[in-house]
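Taking it in order: structure first as structure tokens, then the write-up.
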Amino acid sequence: MSNNAFYIMIDIIIIGCGIYIIAQYLFMARTHELRQNMMLPKELPIARCKDVRGYIQAIGKKQLVFGLASTICGAISLAQDLIGSVNIYISMTAMVVFIVLCVWYGRESKKAIEKYW
């Protein structure tokens, strides 16, 4: 596997994860239910959530922002890797934004879990 193919694969995974996060947000917002595979730790029992609606309100829009940003950052990087049409600085900025948002969403998710479990 060439170096470029590896980066393309990573970009596709990031885009797929972003789409998955958006789909989970839409499910959560529409049904007002939580599922175990919704970016929650496996050892965290959903049935023990003190306030499901409060948790959804606290994390929902943040999850949507993270999903959209992941999809956009992955797409920018994929365009750079496939056709090189994106300025390298824009591509690198997108990756930095993605990493910063990963840390941000992780912290916000942890805060919400501590508050509602």
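Note on naming: chains are A, B, ... as they come in the structure tokens, residues start from 1 per chain, ligands start from 1 in the order shown.
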*If we count only C-alpha atoms, what is near Lys62 of chain A at a cut-off of 10 Å, once residues fewer than 4 positions away on the same chain are taken out, given as a ChimeraX atom specification?*
/A:25,56-58,66-68,101,104-105,108-109
Backbone-only DSSP, helix (DSSP H, G or I) members of chain A, as a PDB file with N, CA and C atoms, in the first residue's frame:
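Output saved as out08.pdb:
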ATOM      1  N   ASN A   3       1.909   5.238   0.336  1.00  0.00           N
ATOM      2  CA  ASN A   3       1.641   6.251   1.354  1.00  0.00           C
ATOM      3  C   ASN A   3       0.344   6.995   1.066  1.00  0.00           C
ATOM      4  N   ASN A   4       0.148   7.367  -0.202  1.00  0.00           N
ATOM      5  CA  ASN A   4      -1.050   8.112  -0.582  1.00  0.00           C
ATOM      6  C   ASN A   4      -2.306   7.276  -0.372  1.00  0.00           C
ATOM      7  N   ALA A   5      -2.243   5.991  -0.671  1.00  0.00           N
ATOM      8  CA  ALA A   5      -3.399   5.111  -0.480  1.00  0.00           C
ATOM      9  C   ALA A   5      -3.759   5.019   0.999  1.00  0.00           C
ATOM     10  N   PHE A   6      -2.767   5.013   1.860  1.00  0.00           N
ATOM     11  CA  PHE A   6      -3.021   4.981   3.301  1.00  0.00           C
ATOM     12  C   PHE A   6      -3.763   6.236   3.735  1.00  0.00           C
ATOM     13  N   TYR A   7      -3.319   7.401   3.269  1.00  0.00           N
ATOM     14  CA  TYR A   7      -3.973   8.654   3.628  1.00  0.00           C
ATOM     15  C   TYR A   7      -5.399   8.718   3.081  1.00  0.00           C
ATOM     16  N   ILE A   8      -5.598   8.211   1.885  1.00  0.00           N
ATOM     17  CA  ILE A   8      -6.939   8.168   1.301  1.00  0.00           C
ATOM     18  C   ILE A   8      -7.851   7.294   2.154  1.00  0.00           C
ATOM     19  N   MET A   9      -7.339   6.161   2.605  1.00  0.00           N
ATOM     20  CA  MET A   9      -8.124   5.263   3.448  1.00  0.00           C
ATOM     21  C   MET A   9      -8.501   5.961   4.766  1.00  0.00           C
ATOM     22  N   ILE A  10      -7.560   6.655   5.375  1.00  0.00           N
ATOM     23  CA  ILE A  10      -7.830   7.387   6.620  1.00  0.00           C
ATOM     24  C   ILE A  10      -8.883   8.473   6.378  1.00  0.00           C
ATOM     25  N   ASP A  11      -8.773   9.187   5.263  1.00  0.00           N
ATOM     26  CA  ASP A  11      -9.764  10.227   4.934  1.00  0.00           C
ATOM     27  C   ASP A  11     -11.157   9.639   4.794  1.00  0.00           C
ATOM     28  N   ILE A  12     -11.262   8.502   4.138  1.00  0.00           N
ATOM     29  CA  ILE A  12     -12.562   7.847   3.957  1.00  0.00           C
ATOM     30  C   ILE A  12     -13.120   7.395   5.303  1.00  0.00           C
ATOM     31  N   ILE A  13     -12.269   6.906   6.181  1.00  0.00           N
ATOM     32  CA  ILE A  13     -12.715   6.508   7.522  1.00  0.00           C
ATOM     33  C   ILE A  13     -13.228   7.721   8.292  1.00  0.00           C
ATOM     34  N   ILE A  14     -12.529   8.848   8.208  1.00  0.00           N
ATOM     35  CA  ILE A  14     -12.962  10.072   8.897  1.00  0.00           C
ATOM     36  C   ILE A  14     -14.309  10.546   8.355  1.00  0.00           C
ATOM     37  N   ILE A  15     -14.483  10.518   7.043  1.00  0.00           N
ATOM     38  CA  ILE A  15     -15.762  10.909   6.442  1.00  0.00           C
ATOM     39  C   ILE A  15     -16.865   9.965   6.911  1.00  0.00           C
ATOM     40  N   GLY A  16     -16.589   8.666   6.883  1.00  0.00           N
ATOM     41  CA  GLY A  16     -17.577   7.685   7.336  1.00  0.00           C
ATOM     42  C   GLY A  16     -17.962   7.882   8.792  1.00  0.00           C
ATOM     43  N   CYS A  17     -16.976   8.163   9.632  1.00  0.00           N
ATOM     44  CA  CYS A  17     -17.261   8.428  11.047  1.00  0.00           C
ATOM     45  C   CYS A  17     -18.103   9.687  11.208  1.00  0.00           C
ATOM     46  N   GLY A  18     -17.806  10.706  10.444  1.00  0.00           N
ATOM     47  CA  GLY A  18     -18.594  11.935  10.506  1.00  0.00           C
ATOM     48  C   GLY A  18     -20.040  11.695  10.117  1.00  0.00           C
ATOM     49  N   ILE A  19     -20.251  10.924   9.065  1.00  0.00           N
ATOM     50  CA  ILE A  19     -21.610  10.607   8.637  1.00  0.00           C
ATOM     51  C   ILE A  19     -22.320   9.774   9.703  1.00  0.00           C
ATOM     52  N   TYR A  20     -21.616   8.839  10.303  1.00  0.00           N
ATOM     53  CA  TYR A  20     -22.178   8.005  11.367  1.00  0.00           C
ATOM     54  C   TYR A  20     -22.586   8.865  12.571  1.00  0.00           C
ATOM     55  N   ILE A  21     -21.741   9.813  12.945  1.00  0.00           N
ATOM     56  CA  ILE A  21     -22.034  10.697  14.077  1.00  0.00           C
ATOM     57  C   ILE A  21     -23.271  11.543  13.782  1.00  0.00           C
ATOM     58  N   ILE A  22     -23.381  12.040  12.566  1.00  0.00           N
ATOM     59  CA  ILE A  22     -24.564  12.819  12.178  1.00  0.00           C
ATOM     60  C   ILE A  22     -25.816  11.946  12.238  1.00  0.00           C
ATOM     61  N   ALA A  23     -25.724  10.721  11.722  1.00  0.00           N
ATOM     62  CA  ALA A  23     -26.871   9.805  11.755  1.00  0.00           C
ATOM     63  C   ALA A  23     -27.286   9.499  13.189  1.00  0.00           C
ATOM     64  N   GLN A  24     -26.316   9.310  14.076  1.00  0.00           N
ATOM     65  CA  GLN A  24     -26.637   9.053  15.481  1.00  0.00           C
ATOM     66  C   GLN A  24     -27.305  10.263  16.124  1.00  0.00           C
ATOM     67  N   TYR A  25     -26.840  11.450  15.777  1.00  0.00           N
ATOM     68  CA  TYR A  25     -27.478  12.674  16.282  1.00  0.00           C
ATOM     69  C   TYR A  25     -28.934  12.742  15.813  1.00  0.00           C
ATOM     70  N   LEU A  26     -29.159  12.485  14.522  1.00  0.00           N
ATOM     71  CA  LEU A  26     -30.515  12.561  13.986  1.00  0.00           C
ATOM     72  C   LEU A  26     -31.428  11.547  14.675  1.00  0.00           C
ATOM     73  N   PHE A  27     -30.931  10.339  14.910  1.00  0.00           N
ATOM     74  CA  PHE A  27     -31.716   9.333  15.621  1.00  0.00           C
ATOM     75  C   PHE A  27     -32.043   9.827  17.029  1.00  0.00           C
ATOM     76  N   MET A  28     -31.036  10.319  17.708  1.00  0.00           N
ATOM     77  CA  MET A  28     -31.192  10.772  19.088  1.00  0.00           C
ATOM     78  C   MET A  28     -32.179  11.952  19.162  1.00  0.00           C
ATOM     79  N   ALA A  29     -32.072  12.892  18.252  1.00  0.00           N
ATOM     80  CA  ALA A  29     -32.932  14.070  18.267  1.00  0.00           C
ATOM     81  C   ALA A  29     -34.370  13.719  17.901  1.00  0.00           C
ATOM     82  N   ARG A  30     -34.537  12.756  17.005  1.00  0.00           N
ATOM     83  CA  ARG A  30     -35.880  12.399  16.549  1.00  0.00           C
ATOM     84  C   ARG A  30     -36.619  11.525  17.554  1.00  0.00           C
ATOM     85  N   THR A  31     -35.929  10.543  18.144  1.00  0.00           N
ATOM     86  CA  THR A  31     -36.597   9.573  19.018  1.00  0.00           C
ATOM     87  C   THR A  31     -36.473   9.908  20.498  1.00  0.00           C
ATOM     88  N   ILE A  46     -26.940   2.514  29.669  1.00  0.00           N
ATOM     89  CA  ILE A  46     -27.863   3.562  29.253  1.00  0.00           C
ATOM     90  C   ILE A  46     -29.043   3.667  30.218  1.00  0.00           C
ATOM     91  N   ALA A  47     -29.456   2.550  30.760  1.00  0.00           N
ATOM     92  CA  ALA A  47     -30.609   2.540  31.664  1.00  0.00           C
ATOM     93  C   ALA A  47     -30.357   3.368  32.928  1.00  0.00           C
ATOM     94  N   ARG A  48     -29.116   3.628  33.254  1.00  0.00           N
ATOM     95  CA  ARG A  48     -28.794   4.389  34.470  1.00  0.00           C
ATOM     96  C   ARG A  48     -28.696   5.893  34.235  1.00  0.00           C
ATOM     97  N   VAL A  52     -32.380  11.537  30.321  1.00  0.00           N
ATOM     98  CA  VAL A  52     -32.055  11.302  28.912  1.00  0.00           C
ATOM     99  C   VAL A  52     -32.245  12.579  28.095  1.00  0.00           C
ATOM    100  N   ARG A  53     -33.352  13.247  28.277  1.00  0.00           N
ATOM    101  CA  ARG A  53     -33.593  14.489  27.511  1.00  0.00           C
ATOM    102  C   ARG A  53     -32.552  15.565  27.829  1.00  0.00           C
ATOM    103  N   GLY A  54     -32.165  15.660  29.083  1.00  0.00           N
ATOM    104  CA  GLY A  54     -31.140  16.621  29.469  1.00  0.00           C
ATOM    105  C   GLY A  54     -29.803  16.299  28.820  1.00  0.00           C
ATOM    106  N   TYR A  55     -29.457  15.016  28.792  1.00  0.00           N
ATOM    107  CA  TYR A  55     -28.208  14.604  28.152  1.00  0.00           C
ATOM    108  C   TYR A  55     -28.255  14.922  26.659  1.00  0.00           C
ATOM    109  N   ILE A  56     -29.365  14.592  26.023  1.00  0.00           N
ATOM    110  CA  ILE A  56     -29.499  14.861  24.583  1.00  0.00           C
ATOM    111  C   ILE A  56     -29.397  16.359  24.313  1.00  0.00           C
ATOM    112  N   GLN A  57     -30.017  17.161  25.161  1.00  0.00           N
ATOM    113  CA  GLN A  57     -29.938  18.608  24.980  1.00  0.00           C
ATOM    114  C   GLN A  57     -28.514  19.121  25.206  1.00  0.00           C
ATOM    115  N   ALA A  58     -27.815  18.525  26.172  1.00  0.00           N
ATOM    116  CA  ALA A  58     -26.461  18.977  26.497  1.00  0.00           C
ATOM    117  C   ALA A  58     -25.456  18.604  25.418  1.00  0.00           C
ATOM    118  N   ILE A  59     -25.607  17.448  24.799  1.00  0.00           N
ATOM    119  CA  ILE A  59     -24.569  16.954  23.892  1.00  0.00           C
ATOM    120  C   ILE A  59     -24.999  16.974  22.424  1.00  0.00           C
ATOM    121  N   GLY A  60     -26.305  17.081  22.152  1.00  0.00           N
ATOM    122  CA  GLY A  60     -26.817  16.942  20.793  1.00  0.00           C
ATOM    123  C   GLY A  60     -26.181  17.857  19.763  1.00  0.00           C
ATOM    124  N   LYS A  61     -26.250  19.148  19.988  1.00  0.00           N
ATOM    125  CA  LYS A  61     -25.716  20.092  18.994  1.00  0.00           C
ATOM    126  C   LYS A  61     -24.195  19.979  18.885  1.00  0.00           C
ATOM    127  N   LYS A  62     -23.549  19.655  19.986  1.00  0.00           N
ATOM    128  CA  LYS A  62     -22.095  19.465  19.954  1.00  0.00           C
ATOM    129  C   LYS A  62     -21.744  18.244  19.115  1.00  0.00           C
ATOM    130  N   GLN A  63     -22.557  17.209  19.240  1.00  0.00           N
ATOM    131  CA  GLN A  63     -22.340  16.004  18.438  1.00  0.00           C
ATOM    132  C   GLN A  63     -22.553  16.308  16.956  1.00  0.00           C
ATOM    133  N   LEU A  64     -23.559  17.095  16.639  1.00  0.00           N
ATOM    134  CA  LEU A  64     -23.811  17.471  15.253  1.00  0.00           C
ATOM    135  C   LEU A  64     -22.648  18.287  14.690  1.00  0.00           C
ATOM    136  N   VAL A  65     -22.163  19.255  15.446  1.00  0.00           N
ATOM    137  CA  VAL A  65     -21.018  20.065  15.004  1.00  0.00           C
ATOM    138  C   VAL A  65     -19.801  19.168  14.759  1.00  0.00           C
ATOM    139  N   PHE A  66     -19.552  18.241  15.680  1.00  0.00           N
ATOM    140  CA  PHE A  66     -18.415  17.339  15.533  1.00  0.00           C
ATOM    141  C   PHE A  66     -18.580  16.461  14.292  1.00  0.00           C
ATOM    142  N   GLY A  67     -19.774  15.950  14.060  1.00  0.00           N
ATOM    143  CA  GLY A  67     -20.017  15.109  12.887  1.00  0.00           C
ATOM    144  C   GLY A  67     -19.855  15.871  11.586  1.00  0.00           C
ATOM    145  N   LEU A  68     -20.425  17.066  11.522  1.00  0.00           N
ATOM    146  CA  LEU A  68     -20.294  17.884  10.305  1.00  0.00           C
ATOM    147  C   LEU A  68     -18.838  18.268  10.052  1.00  0.00           C
ATOM    148  N   ALA A  69     -18.147  18.685  11.106  1.00  0.00           N
ATOM    149  CA  ALA A  69     -16.745  19.079  10.952  1.00  0.00           C
ATOM    150  C   ALA A  69     -15.884  17.892  10.532  1.00  0.00           C
ATOM    151  N   SER A  70     -16.147  16.720  11.078  1.00  0.00           N
ATOM    152  CA  SER A  70     -15.391  15.523  10.698  1.00  0.00           C
ATOM    153  C   SER A  70     -15.588  15.216   9.221  1.00  0.00           C
ATOM    154  N   THR A  71     -16.831  15.296   8.774  1.00  0.00           N
ATOM    155  CA  THR A  71     -17.133  15.015   7.369  1.00  0.00           C
ATOM    156  C   THR A  71     -16.452  16.034   6.456  1.00  0.00           C
ATOM    157  N   ILE A  72     -16.537  17.297   6.804  1.00  0.00           N
ATOM    158  CA  ILE A  72     -15.948  18.357   5.981  1.00  0.00           C
ATOM    159  C   ILE A  72     -14.420  18.255   5.983  1.00  0.00           C
ATOM    160  N   CYS A  73     -13.824  18.076   7.152  1.00  0.00           N
ATOM    161  CA  CYS A  73     -12.356  17.970   7.228  1.00  0.00           C
ATOM    162  C   CYS A  73     -11.859  16.756   6.456  1.00  0.00           C
ATOM    163  N   GLY A  74     -12.561  15.638   6.575  1.00  0.00           N
ATOM    164  CA  GLY A  74     -12.180  14.442   5.829  1.00  0.00           C
ATOM    165  C   GLY A  74     -12.301  14.656   4.329  1.00  0.00           C
ATOM    166  N   ALA A  75     -13.361  15.345   3.898  1.00  0.00           N
ATOM    167  CA  ALA A  75     -13.560  15.607   2.474  1.00  0.00           C
ATOM    168  C   ALA A  75     -12.478  16.528   1.917  1.00  0.00           C
ATOM    169  N   ILE A  76     -12.104  17.531   2.676  1.00  0.00           N
ATOM    170  CA  ILE A  76     -11.033  18.440   2.234  1.00  0.00           C
ATOM    171  C   ILE A  76      -9.726  17.662   2.078  1.00  0.00           C
ATOM    172  N   SER A  77      -9.422  16.852   3.062  1.00  0.00           N
ATOM    173  CA  SER A  77      -8.190  16.065   3.004  1.00  0.00           C
ATOM    174  C   SER A  77      -8.231  15.038   1.867  1.00  0.00           C
ATOM    175  N   LEU A  78      -9.393  14.426   1.661  1.00  0.00           N
ATOM    176  CA  LEU A  78      -9.530  13.459   0.564  1.00  0.00           C
ATOM    177  C   LEU A  78      -9.330  14.132  -0.788  1.00  0.00           C
ATOM    178  N   ALA A  79      -9.899  15.333  -0.956  1.00  0.00           N
ATOM    179  CA  ALA A  79      -9.713  16.073  -2.206  1.00  0.00           C
ATOM    180  C   ALA A  79      -8.237  16.380  -2.429  1.00  0.00           C
ATOM    181  N   GLN A  80      -7.551  16.747  -1.368  1.00  0.00           N
ATOM    182  CA  GLN A  80      -6.117  17.025  -1.481  1.00  0.00           C
ATOM    183  C   GLN A  80      -5.350  15.764  -1.876  1.00  0.00           C
ATOM    184  N   ASP A  81      -5.683  14.643  -1.254  1.00  0.00           N
ATOM    185  CA  ASP A  81      -4.952  13.408  -1.523  1.00  0.00           C
ATOM    186  C   ASP A  81      -5.258  12.828  -2.901  1.00  0.00           C
ATOM    187  N   LEU A  82      -6.487  12.994  -3.373  1.00  0.00           N
ATOM    188  CA  LEU A  82      -6.858  12.415  -4.667  1.00  0.00           C
ATOM    189  C   LEU A  82      -6.436  13.275  -5.849  1.00  0.00           C
ATOM    190  N   ILE A  83      -6.738  14.562  -5.780  1.00  0.00           N
ATOM    191  CA  ILE A  83      -6.494  15.399  -6.952  1.00  0.00           C
ATOM    192  C   ILE A  83      -5.566  16.568  -6.685  1.00  0.00           C
ATOM    193  N   ILE A  88      -2.324  23.077   0.260  1.00  0.00           N
ATOM    194  CA  ILE A  88      -1.821  22.215   1.337  1.00  0.00           C
ATOM    195  C   ILE A  88      -2.056  22.845   2.708  1.00  0.00           C
ATOM    196  N   TYR A  89      -2.025  24.155   2.792  1.00  0.00           N
ATOM    197  CA  TYR A  89      -2.266  24.825   4.066  1.00  0.00           C
ATOM    198  C   TYR A  89      -3.722  24.658   4.519  1.00  0.00           C
ATOM    199  N   ILE A  90      -4.627  24.681   3.564  1.00  0.00           N
ATOM    200  CA  ILE A  90      -6.038  24.445   3.886  1.00  0.00           C
ATOM    201  C   ILE A  90      -6.225  23.011   4.366  1.00  0.00           C
ATOM    202  N   SER A  91      -5.591  22.083   3.699  1.00  0.00           N
ATOM    203  CA  SER A  91      -5.685  20.668   4.086  1.00  0.00           C
ATOM    204  C   SER A  91      -5.108  20.434   5.479  1.00  0.00           C
ATOM    205  N   MET A  92      -3.963  21.012   5.750  1.00  0.00           N
ATOM    206  CA  MET A  92      -3.345  20.850   7.072  1.00  0.00           C
ATOM    207  C   MET A  92      -4.190  21.538   8.156  1.00  0.00           C
ATOM    208  N   THR A  93      -4.746  22.699   7.842  1.00  0.00           N
ATOM    209  CA  THR A  93      -5.616  23.388   8.784  1.00  0.00           C
ATOM    210  C   THR A  93      -6.848  22.532   9.091  1.00  0.00           C
ATOM    211  N   ALA A  94      -7.405  21.895   8.077  1.00  0.00           N
ATOM    212  CA  ALA A  94      -8.562  21.021   8.287  1.00  0.00           C
ATOM    213  C   ALA A  94      -8.215  19.881   9.232  1.00  0.00           C
ATOM    214  N   MET A  95      -7.040  19.309   9.100  1.00  0.00           N
ATOM    215  CA  MET A  95      -6.648  18.213   9.978  1.00  0.00           C
ATOM    216  C   MET A  95      -6.424  18.704  11.408  1.00  0.00           C
ATOM    217  N   VAL A  96      -5.846  19.882  11.550  1.00  0.00           N
ATOM    218  CA  VAL A  96      -5.649  20.446  12.887  1.00  0.00           C
ATOM    219  C   VAL A  96      -7.010  20.737  13.525  1.00  0.00           C
ATOM    220  N   VAL A  97      -7.925  21.309  12.759  1.00  0.00           N
ATOM    221  CA  VAL A  97      -9.275  21.576  13.258  1.00  0.00           C
ATOM    222  C   VAL A  97      -9.935  20.266  13.687  1.00  0.00           C
ATOM    223  N   PHE A  98      -9.785  19.222  12.888  1.00  0.00           N
ATOM    224  CA  PHE A  98     -10.367  17.923  13.227  1.00  0.00           C
ATOM    225  C   PHE A  98      -9.814  17.404  14.556  1.00  0.00           C
ATOM    226  N   ILE A  99      -8.515  17.482  14.742  1.00  0.00           N
ATOM    227  CA  ILE A  99      -7.903  16.990  15.984  1.00  0.00           C
ATOM    228  C   ILE A  99      -8.366  17.822  17.181  1.00  0.00           C
ATOM    229  N   VAL A 100      -8.412  19.141  17.017  1.00  0.00           N
ATOM    230  CA  VAL A 100      -8.880  20.014  18.095  1.00  0.00           C
ATOM    231  C   VAL A 100     -10.334  19.678  18.444  1.00  0.00           C
ATOM    232  N   LEU A 101     -11.163  19.456  17.434  1.00  0.00           N
ATOM    233  CA  LEU A 101     -12.563  19.118  17.683  1.00  0.00           C
ATOM    234  C   LEU A 101     -12.715  17.745  18.333  1.00  0.00           C
ATOM    235  N   CYS A 102     -11.837  16.819  18.022  1.00  0.00           N
ATOM    236  CA  CYS A 102     -11.855  15.514  18.706  1.00  0.00           C
ATOM    237  C   CYS A 102     -11.633  15.697  20.204  1.00  0.00           C
ATOM    238  N   VAL A 103     -10.657  16.497  20.554  1.00  0.00           N
ATOM    239  CA  VAL A 103     -10.366  16.758  21.971  1.00  0.00           C
ATOM    240  C   VAL A 103     -11.536  17.494  22.611  1.00  0.00           C
ATOM    241  N   TRP A 104     -12.049  18.522  21.929  1.00  0.00           N
ATOM    242  CA  TRP A 104     -13.180  19.303  22.447  1.00  0.00           C
ATOM    243  C   TRP A 104     -14.398  18.421  22.676  1.00  0.00           C
ATOM    244  N   TYR A 105     -14.754  17.605  21.691  1.00  0.00           N
ATOM    245  CA  TYR A 105     -15.937  16.758  21.841  1.00  0.00           C
ATOM    246  C   TYR A 105     -15.723  15.724  22.949  1.00  0.00           C
ATOM    247  N   GLY A 106     -14.541  15.194  23.062  1.00  0.00           N
ATOM    248  CA  GLY A 106     -14.248  14.251  24.141  1.00  0.00           C
ATOM    249  C   GLY A 106     -14.461  14.872  25.506  1.00  0.00           C
ATOM    250  N   ARG A 107     -13.988  16.091  25.681  1.00  0.00           N
ATOM    251  CA  ARG A 107     -14.174  16.789  26.966  1.00  0.00           C
ATOM    252  C   ARG A 107     -15.640  17.100  27.240  1.00  0.00           C
ATOM    253  N   GLU A 108     -16.333  17.584  26.219  1.00  0.00           N
ATOM    254  CA  GLU A 108     -17.753  17.919  26.391  1.00  0.00           C
ATOM    255  C   GLU A 108     -18.577  16.672  26.675  1.00  0.00           C
ATOM    256  N   SER A 109     -18.243  15.593  26.011  1.00  0.00           N
ATOM    257  CA  SER A 109     -18.943  14.330  26.240  1.00  0.00           C
ATOM    258  C   SER A 109     -18.712  13.835  27.662  1.00  0.00           C
ATOM    259  N   LYS A 110     -17.483  13.940  28.120  1.00  0.00           N
ATOM    260  CA  LYS A 110     -17.164  13.513  29.492  1.00  0.00           C
ATOM    261  C   LYS A 110     -17.930  14.354  30.510  1.00  0.00           C
ATOM    262  N   LYS A 111     -18.005  15.667  30.296  1.00  0.00           N
ATOM    263  CA  LYS A 111     -18.749  16.543  31.201  1.00  0.00           C
ATOM    264  C   LYS A 111     -20.231  16.153  31.247  1.00  0.00           C
ATOM    265  N   ALA A 112     -20.800  15.890  30.075  1.00  0.00           N
ATOM    266  CA  ALA A 112     -22.215  15.528  30.020  1.00  0.00           C
ATOM    267  C   ALA A 112     -22.466  14.179  30.700  1.00  0.00           C
ATOM    268  N   ILE A 113     -21.570  13.241  30.504  1.00  0.00           N
ATOM    269  CA  ILE A 113     -21.715  11.931  31.144  1.00  0.00           C
ATOM    270  C   ILE A 113     -21.635  12.068  32.654  1.00  0.00           C
ATOM    271  N   GLU A 114     -20.677  12.855  33.137  1.00  0.00           N
ATOM    272  CA  GLU A 114     -20.554  13.062  34.581  1.00  0.00           C
ATOM    273  C   GLU A 114     -21.799  13.726  35.168  1.00  0.00           C
ATOM    274  N   LYS A 115     -22.423  14.602  34.414  1.00  0.00           N
ATOM    275  CA  LYS A 115     -23.593  15.328  34.919  1.00  0.00           C
ATOM    276  C   LYS A 115     -24.862  14.474  34.885  1.00  0.00           C
ATOM    277  N   TYR A 116     -25.030  13.647  33.853  1.00  0.00           N
ATOM    278  CA  TYR A 116     -26.301  12.949  33.663  1.00  0.00           C
ATOM    279  C   TYR A 116     -26.267  11.463  34.020  1.00  0.00           C
TER     280      TYR A 116
END
*Distance atom CA of Met38 of chain A-atom CA of Asp51 of chain A, one decimal place?*
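According to the coordinates, atom CA of Met38 of chain A and atom CA of Asp51 of chain A are separated by 16.0 Å.
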